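Enquirer: The structure that follows is given in the form of C-alpha cells.
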Amino acid sequence: MTASPFLAPLFVEARKLNRSLAALLAVAAPALIAIFTFFNLLRGKAPQEWDMWMISSAGIWAFFMLPMSVTALTALVAHMEHGPKSWDHLRALPLPRWRIYAAKMICVLVVVALMSAAVLVMTWGAVTLGAMIKPAVEPSGVFDLARYAGLFGQMFLAGLLMISIQLWVALRFASFVPALAVGIGGTFFSVVATSAKQGVFFPWQMPVNMLATEAWRVQTALGLGLGLGAVALAAALVHLSRREVL
C-alpha cells in the first residue's frame, strides 16, 4: 500500500501513452530501419556477415533515427498536457509535483529503451526473412546477440543526456516549437559535423560514438552521456517542479 502513491502517477502516464500515438511511433521508427535493411539485403548478390547488417542498423539508429524519435516522442508526451492545458489541474493534485514529472521521464526512457530493443529484433527479423526469400545472400558468421544487445544498450545510455535535454525543453515550454528546434538543430549539427573530434562531447553524437574504433571515444561519450544525463534529469525535475509552464 505504501508504494501506491509513488506508482499511481506512473500508471496514469503509461495509460496516457497507450492512448496516444506513442505506440505507433515506437513501432514505426524501428520498422523503417528494418524495412530498409530488408530491401537492401535483397539487392545484394553475395552473402555479408551478420556484423555488417547489425552494425549498419545500429549506426542508422544512433546517427539519425534515435535523435529524431526522441524529438517526436518528447514533444508528444509534453503536448498531452500542453494541448488541453491540463498542467494547472495536474499541479493542483494532492501529491508532490516532482512525481508527475518523474513519471513522464520514466515513461519516455522506457519507450526509448523498448525502441532500441525493437531495432535489434526487427533487424534480425528482416535479415532472416530476406535470407529465406533469397538464400544466396544468407548472412555468414555468427549472430552474436549478447554483443549486439550490449551495443544498443550502450547507445541508449550514451543518449541519456540528449533525451534529458529534449524532454526538459518539451516540458518547459507550452509551444512545441522550441523542442522541435532543439531536436532538429541538434541532429543537423550532428550530421554535418560527423567527423569532428569534438563530436564526442556533443549530446546528439554521443550514441553514435559507441561505434567508434577508439576506446577513449566510446568511454568518454558513454561516461558523459550517462553521467551528465542523470544530472540533467535531476536538474530538470527540480526546475520543472518549481516553475510554471510558459
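Order determines the names: the first chain of the C-alpha cells is A, the second B, and so forth; residues in each chain are numbered 1 upward, and ligands are numbered 1 upward as they are shown.
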Step one, run DSSP on the backbone; step two, keep only residues of stretch 5-233 of chain A assigned to alpha helix (DSSP H); then write them as a ChimeraX atom specification.
Expert: /A:5-18,22-43,50-60,66-82,87-91,97-133,145-158,160-172,177-192,215-233
Enquirer: Please provide as a ChimeraX atom specification all residues within 8 Å of stretch 141-144 of chain A, with the sequence filter that same-chain residues fewer than 3 positions apart are discarded (counting only C-alpha atoms).
Expert: /A:49-51,147-148
Enquirer: Go ahead and save the residues from that selection, with all heavy atoms, as a PDB file, in the first residue's frame.
Expert:
```
ATOM      1  N   GLU A  49      28.434 -10.611 -43.689  1.00  0.00           N
ATOM      2  CA  GLU A  49      28.436 -11.076 -42.314  1.00  0.00           C
ATOM      3  C   GLU A  49      27.320 -10.412 -41.511  1.00  0.00           C
ATOM      4  O   GLU A  49      26.864  -9.313 -41.822  1.00  0.00           O
ATOM      5  CB  GLU A  49      29.786 -10.773 -41.657  1.00  0.00           C
ATOM      6  CG  GLU A  49      30.935 -11.563 -42.238  1.00  0.00           C
ATOM      7  CD  GLU A  49      32.206 -11.402 -41.419  1.00  0.00           C
ATOM      8  OE1 GLU A  49      32.200 -10.586 -40.469  1.00  0.00           O
ATOM      9  OE2 GLU A  49      33.202 -12.079 -41.734  1.00  0.00           O
ATOM     10  N   TRP A  50      26.896 -11.110 -40.467  1.00  0.00           N
ATOM     11  CA  TRP A  50      25.875 -10.562 -39.575  1.00  0.00           C
ATOM     12  C   TRP A  50      26.307  -9.209 -39.026  1.00  0.00           C
ATOM     13  O   TRP A  50      25.482  -8.304 -38.853  1.00  0.00           O
ATOM     14  CB  TRP A  50      25.607 -11.529 -38.425  1.00  0.00           C
ATOM     15  CG  TRP A  50      24.537 -12.529 -38.707  1.00  0.00           C
ATOM     16  CD1 TRP A  50      24.688 -13.867 -38.937  1.00  0.00           C
ATOM     17  CD2 TRP A  50      23.137 -12.263 -38.774  1.00  0.00           C
ATOM     18  NE1 TRP A  50      23.462 -14.452 -39.162  1.00  0.00           N
ATOM     19  CE2 TRP A  50      22.492 -13.496 -39.057  1.00  0.00           C
ATOM     20  CE3 TRP A  50      22.355 -11.121 -38.643  1.00  0.00           C
ATOM     21  CZ2 TRP A  50      21.106 -13.604 -39.198  1.00  0.00           C
ATOM     22  CZ3 TRP A  50      20.971 -11.217 -38.775  1.00  0.00           C
ATOM     23  CH2 TRP A  50      20.363 -12.451 -39.054  1.00  0.00           C
ATOM     24  N   ASP A  51      27.584  -9.076 -38.753  1.00  0.00           N
ATOM     25  CA  ASP A  51      28.097  -7.826 -38.202  1.00  0.00           C
ATOM     26  C   ASP A  51      27.778  -6.642 -39.113  1.00  0.00           C
ATOM     27  O   ASP A  51      27.432  -5.555 -38.634  1.00  0.00           O
ATOM     28  CB  ASP A  51      29.621  -7.929 -38.017  1.00  0.00           C
ATOM     29  CG  ASP A  51      29.986  -8.224 -36.565  1.00  0.00           C
ATOM     30  OD1 ASP A  51      29.093  -8.635 -35.798  1.00  0.00           O
ATOM     31  OD2 ASP A  51      31.157  -8.036 -36.204  1.00  0.00           O
ATOM     32  N   ARG A 147      26.495  -9.379 -27.835  1.00  0.00           N
ATOM     33  CA  ARG A 147      27.286  -8.224 -28.282  1.00  0.00           C
ATOM     34  C   ARG A 147      26.401  -7.131 -28.845  1.00  0.00           C
ATOM     35  O   ARG A 147      26.562  -5.944 -28.521  1.00  0.00           O
ATOM     36  CB  ARG A 147      28.293  -8.666 -29.334  1.00  0.00           C
ATOM     37  CG  ARG A 147      29.143  -7.519 -29.870  1.00  0.00           C
ATOM     38  CD  ARG A 147      29.947  -7.953 -31.071  1.00  0.00           C
ATOM     39  NE  ARG A 147      30.597  -6.814 -31.714  1.00  0.00           N
ATOM     40  CZ  ARG A 147      30.964  -6.805 -32.982  1.00  0.00           C
ATOM     41  NH1 ARG A 147      30.758  -7.866 -33.732  1.00  0.00           N
ATOM     42  NH2 ARG A 147      31.547  -5.749 -33.494  1.00  0.00           N
ATOM     43  N   TYR A 148      25.430  -7.514 -29.683  1.00  0.00           N
ATOM     44  CA  TYR A 148      24.558  -6.519 -30.289  1.00  0.00           C
ATOM     45  C   TYR A 148      23.646  -5.865 -29.244  1.00  0.00           C
ATOM     46  O   TYR A 148      23.423  -4.656 -29.279  1.00  0.00           O
ATOM     47  CB  TYR A 148      23.718  -7.161 -31.393  1.00  0.00           C
ATOM     48  CG  TYR A 148      24.547  -7.825 -32.472  1.00  0.00           C
ATOM     49  CD1 TYR A 148      24.163  -9.041 -33.028  1.00  0.00           C
ATOM     50  CD2 TYR A 148      25.730  -7.246 -32.931  1.00  0.00           C
ATOM     51  CE1 TYR A 148      24.917  -9.662 -34.012  1.00  0.00           C
ATOM     52  CE2 TYR A 148      26.493  -7.855 -33.910  1.00  0.00           C
ATOM     53  CZ  TYR A 148      26.083  -9.067 -34.448  1.00  0.00           C
ATOM     54  OH  TYR A 148      26.846  -9.673 -35.410  1.00  0.00           O
TER      55      TYR A 148
END
```
Enquirer: Would you pick out the contacts of stretch 221-237 of chain A at 8 Å or less, using only C-alpha atoms, so that residues sharing its chain but fewer than 3 positions from it are not included, and give the list as JSON, numbers by chain?
Expert: {"A": [98, 101, 102, 105, 154, 155, 157, 158, 159, 160, 161, 162, 163, 164, 165, 168, 200, 201, 203, 206, 207, 209, 210, 217, 218, 240, 241]}
Enquirer: With distances taken over only C-alpha atoms, which residue among A:Ala29, A:Ile60, A:Leu41, A:Ala215 lies nearest A:Gly125?
Expert: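 Of the candidates, the smallest distance to A:Gly125 is held by A:Leu41.
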Enquirer: Rounded to one decimal in Å, what is the spacing between atom CA of A:Val191 and atom CA of A:Val127?
Expert: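 These two atoms are separated by 26.6 Å.
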